[in-house]
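Asks: Mind looking over this structure? Questions follow.
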Amino acid sequence: MNKDWHSEVDGDHGGEPLVTVRDLVRTFGNDRVIDGVSFDIKAGEFVAISGPSGSGKTTLLHLLAALDRPDTGTIRVAGHDLVHLHRLTEYRRNQIGLVFQLHNLIPRLTSRQNVAIAMFGTGLGHRERARRAEELLATVGLAHRAGSKPPTMSGGERQRVAVARALANEPALLLADEPTGSLDDDSAALVLDLFDDLRARTGLTLLAASHDPRLNERSDRLLRLADGHIASVETP
Ligand SMILES: Nc1ncnc2c1ncn2[C@@H]1O[C@H](COP(=O)(O)OP(=O)(O)OP(=O)(O)O)[C@@H](O)[C@H]1O
Ligand SMILES: [Mg+2]
C-alpha cells in the first residue's frame with residue numbers, strides 16, 4: 001500500500017486542519033440535534049465522539065461524509081467545502097472511508113468482493129481491484145479469509161473487512177460509527193490495534209463515534225456531545 005497517501009493532503013493544506021467544522025446546526029422537525037458544533041481535526045489525529053444515545057453522533061458522521069446536509073454552518077474536509085460541493089459522489093468515494101456500526105457487508109459476496117466493490121468507478125479493472133482487495137485484506141490481517149463470505153466469519157473479522165473496504169480508495173479521513181460496539185474484548189482489541197497500526201504506517205486520520213471506553217481511551221481527543229453541542233473535550 002502507498003505509505004504516503006496523506007502527504008499530499010498535509011502538503012496541500014499547509015498546516016490547515018484536515019477537518020474544520022464551524023457553528024454546525026442540523027434539526028429534525030423541532031429537534032436541534034446538532035446545535036452549534038465547532039471543532040477541528042488535524043491530519044493524523046484520532047478523535048473520538050461520545051455521548052448518550054440520541055446525542056447526534058451518527059448525525060455528525062453523516063454530515064462529515066456528505067450523506068446529509070446541515071441547516072447552517074460550514075464543514076471543510078481536505079480542502080472541500082461540503083456545504084457547497086456538487087461532486088458529492090466523488091467526494092464520498094475519494095476522500096472518505098466509512099465504517100458503519102452494522103458493517104453493511106454483502107453476505108453472498110466473498111471478503112475480496114466486498115472490498116473490491118468500493119473501487120467500482122475508480123477506473124481500476126477487475127483484476128486490479130481484486131489484487132488490491134487482497135492487499136487490503138492482508139493489511140487488516142485477513143489474507144487467509146479473502147475467499148470467505150461474511151456469514152462464515154466472526155464479528156471482529158467482519159469488522160476488519162469493513163475497515164479494509166473503507167480504506168480501499170486511500171481516504172483522507174476514516175469515519176467509523178461504533179466500530180467496536182458489537183465486539184468482544186479480543187475482537188475490539190484487534191480492531192483498535194489495526195487503527196493504531198494504520199495511523200503509524202499511513203498517517204490515517206480517524207474520527208470514531210463510540211460509547212466504548214476501550215476505544216475512547218485510545219483516542220488523542222475525546223469530544224463529548226450533549227444537548228446538541230460539545231459539552232467537553234478530553235485528552236485521554
Ligand atoms: N433522518 C432522521 N429523521 C428524523 N430524526 C432523526 C433522523 N436521524 C436522526 N434523527 C434523530 O436525531 C437524534 C440523534 O440521532 P443519532 O442517530 O445521531 O444519535 P446517536 O448519538 O448516533 O445515537 P446512538 O448512540 O443510539 O447511535 C435522535 O433523536 C434521532 O431520532
Ligand atoms: Mg449512532
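Following the order of the C-alpha cells, first chain is A, next is B, and so on, with residues numbered from 1 inside each chain and ligands from 1 in the order they appear.
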As a list in words, please: every protein or nucleic acid residue near ligand 1 (cut-off 6 Å, counting only C-alpha atoms and all ligand atoms).

Replies: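 Taking only C-alpha atoms and all ligand atoms into account, the residues around ligand 1 at most 6 Å away are Phe28, Val33, Pro52, Ser53, Gly54, Ser55, Gly56, Lys57, Thr58 and Thr59 of chain A.
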
Asks: Store the residues picked out above in a file with N, CA and C atoms, as a short mmCIF file (atom, residue, chain, number, x, y, z; two decimals), in the first residue's frame.

Replies:
```
data_model
loop_
_atom_site.label_atom_id
_atom_site.label_comp_id
_atom_site.auth_asym_id
_atom_site.auth_seq_id
_atom_site.Cartn_x
_atom_site.Cartn_y
_atom_site.Cartn_z
N PHE A 28 -34.06 18.13 13.09
CA PHE A 28 -35.08 17.20 12.57
C PHE A 28 -36.39 17.65 13.21
N VAL A 33 -30.79 18.65 16.81
CA VAL A 33 -29.94 17.51 17.19
C VAL A 33 -28.47 17.94 17.26
N PRO A 52 -24.54 10.30 24.97
CA PRO A 52 -25.65 9.36 25.14
C PRO A 52 -26.30 9.00 23.81
N SER A 53 -27.03 7.89 23.82
CA SER A 53 -27.80 7.50 22.65
C SER A 53 -28.73 8.64 22.26
N GLY A 54 -28.73 9.00 20.98
CA GLY A 54 -29.58 10.09 20.52
C GLY A 54 -28.92 11.45 20.60
N SER A 55 -27.66 11.50 21.00
CA SER A 55 -27.00 12.81 21.16
C SER A 55 -26.48 13.37 19.83
N GLY A 56 -26.57 12.59 18.75
CA GLY A 56 -26.24 13.15 17.44
C GLY A 56 -24.92 12.68 16.85
N LYS A 57 -24.34 11.61 17.39
CA LYS A 57 -23.04 11.14 16.90
C LYS A 57 -23.13 10.67 15.44
N THR A 58 -24.11 9.82 15.18
CA THR A 58 -24.26 9.31 13.81
C THR A 58 -24.62 10.46 12.86
N THR A 59 -25.48 11.36 13.32
CA THR A 59 -25.85 12.52 12.50
C THR A 59 -24.60 13.31 12.11
#
```

Asks: Using only C-alpha atoms and all ligand atoms, I'd like a table of the residues in chain A that come within 12 Å of ligand 2; for each, show the closest atom pair and its distance in Å rounded to one decimal, ordered by chain and ascending number, as a Markdown table.

Replies:
```
| residue | atom | partner | partner_atom_place_in_ligand_line | distance |
| --- | --- | --- | --- | --- |
| A:Ile49 | CA | ligand 2 | 1 (Mg) | 10.4 |
| A:Ser50 | CA | ligand 2 | 1 (Mg) | 9.7 |
| A:Gly51 | CA | ligand 2 | 1 (Mg) | 9.6 |
| A:Pro52 | CA | ligand 2 | 1 (Mg) | 9.3 |
| A:Ser53 | CA | ligand 2 | 1 (Mg) | 6.8 |
| A:Gly54 | CA | ligand 2 | 1 (Mg) | 7.0 |
| A:Ser55 | CA | ligand 2 | 1 (Mg) | 8.2 |
| A:Gly56 | CA | ligand 2 | 1 (Mg) | 6.9 |
| A:Lys57 | CA | ligand 2 | 1 (Mg) | 5.4 |
| A:Thr58 | CA | ligand 2 | 1 (Mg) | 4.1 |
| A:Thr59 | CA | ligand 2 | 1 (Mg) | 7.3 |
| A:Leu60 | CA | ligand 2 | 1 (Mg) | 9.2 |
| A:Leu61 | CA | ligand 2 | 1 (Mg) | 8.8 |
| A:His62 | CA | ligand 2 | 1 (Mg) | 9.9 |
| A:Phe100 | CA | ligand 2 | 1 (Mg) | 9.4 |
| A:Gln101 | CA | ligand 2 | 1 (Mg) | 8.0 |
| A:Leu102 | CA | ligand 2 | 1 (Mg) | 10.6 |
| A:Ala176 | CA | ligand 2 | 1 (Mg) | 10.3 |
| A:Asp177 | CA | ligand 2 | 1 (Mg) | 6.6 |
| A:Glu178 | CA | ligand 2 | 1 (Mg) | 7.3 |
| A:Pro179 | CA | ligand 2 | 1 (Mg) | 10.8 |
| A:Gly181 | CA | ligand 2 | 1 (Mg) | 10.3 |
| A:Ala208 | CA | ligand 2 | 1 (Mg) | 10.6 |
| A:Ala209 | CA | ligand 2 | 1 (Mg) | 7.4 |
| A:Ser210 | CA | ligand 2 | 1 (Mg) | 8.1 |
| A:His211 | CA | ligand 2 | 1 (Mg) | 9.4 |
| A:Leu225 | CA | ligand 2 | 1 (Mg) | 11.8 |
```

Asks: Give me, as a ChimeraX atom specification, the residues of range 125-197 of chain A that a backbone DSSP run labels alpha helix (DSSP H).

Replies: /A:126-139,155-166,185-197

Asks: What's the separation between CA of Asn94 in chain A and CA of Arg127 in chain A, in Å to one decimal place?

Replies: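 So the answer is 20.0 Å.
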
Asks: Work out how far CA of Arg76 in chain A is from CA of Asp220 in chain A, in Å to one decimal.

Replies: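 We find that CA of Asp220 in chain A and CA of Arg76 in chain A lie 20.5 Å from each other.
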
Asks: Using CA of Arg92 in chain A and CA of Leu67 in chain A as the two end points, give the distance in Å to one decimal.

Replies: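 Separating CA of Arg92 in chain A from CA of Leu67 in chain A is a distance of 8.3 Å.
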
Asks: Per residue of range 60-144 of chain A within 9 Å of range 166-169 of chain A, what are the shortest atom pair and its distance in Å to one decimal, counting only C-alpha atoms, with rows by chain and residue number, as a tab-separated table?

Replies:
```
residue	atom	partner	partner_atom	distance
A:Arg93	CA	A:Asn169	CA	6.9
A:Asn94	CA	A:Asn169	CA	5.8
A:Gln95	CA	A:Asn169	CA	7.8
A:Ile96	CA	A:Ala166	CA	7.7
A:Gly97	CA	A:Ala166	CA	4.2
A:Leu98	CA	A:Ala166	CA	5.3
A:Val99	CA	A:Ala166	CA	6.2
A:Val115	CA	A:Ala168	CA	6.9
A:Ala116	CA	A:Ala168	CA	7.6
A:Ala118	CA	A:Ala168	CA	6.4
A:Met119	CA	A:Ala168	CA	6.6
A:Thr122	CA	A:Asn169	CA	8.4
A:Arg132	CA	A:Ala168	CA	7.9
A:Ala133	CA	A:Ala168	CA	7.3
A:Leu136	CA	A:Ala168	CA	7.1
```

Asks: Fewer than 2 positions away in the same chain doesn't count, so skip those; otherwise give me all residues within 10 Å of range 81-91 of chain A, counting only C-alpha atoms, as a list in words.

Replies: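 Contacts, with the query itself left out: Thr20, Leu63, Leu64, Ala65, Ala66, Leu67, Asp68, Arg69, Pro70, Asp71, Thr72, Gly73, Thr74, Ile75, Arg76, Val77, Ala78, Gly79, Arg93, Asn94, Gln95, Ile96, Gly121, Thr122 and Pro171 of chain A.
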
Asks: Which residues are near Ala48 in chain A? Cut-off 9 Å, only C-alpha atoms, ignore same chain within fewer than 5 positions. Put them as a PyMOL selection string.

Replies: chain A and resi 206-210+215-224

Asks: Return as a PyMOL selection string the full set of residues in range 78-202 of chain A whose backbone-based DSSP assignment is strand (DSSP E or B).

Replies: chain A and resi 80-81+96-99+173-177

Asks: Selection from above, C-alpha atoms, as a PDB file, in the first residue's frame, can you write it?

Replies:
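Written out: result-v9.pdb:
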```pdb
ATOM      1  CA  HIS A  80     -13.531  20.611   0.185  1.00  0.00           C
ATOM      2  CA  ASP A  81     -16.363  22.871   1.297  1.00  0.00           C
ATOM      3  CA  ILE A  96     -13.918   9.367   2.921  1.00  0.00           C
ATOM      4  CA  GLY A  97     -13.803   5.847   4.272  1.00  0.00           C
ATOM      5  CA  LEU A  98     -16.899   4.857   6.207  1.00  0.00           C
ATOM      6  CA  VAL A  99     -17.238   2.015   8.676  1.00  0.00           C
ATOM      7  CA  LEU A 173     -10.479  10.680   6.592  1.00  0.00           C
ATOM      8  CA  LEU A 174     -11.828   7.453   8.061  1.00  0.00           C
ATOM      9  CA  LEU A 175     -15.237   7.849   9.729  1.00  0.00           C
ATOM     10  CA  ALA A 176     -16.243   4.958  11.960  1.00  0.00           C
ATOM     11  CA  ASP A 177     -19.591   4.589  13.740  1.00  0.00           C
TER      12      ASP A 177
END
```

Asks: Mind checking which residues fall within 9 Å of range 198-201 of chain A, counting only C-alpha atoms, ignoring those fewer than 4 positions away in the same chain, and posting them as a ChimeraX atom specification?

Replies: /A:3-4,44-46,139,193-194,205-206
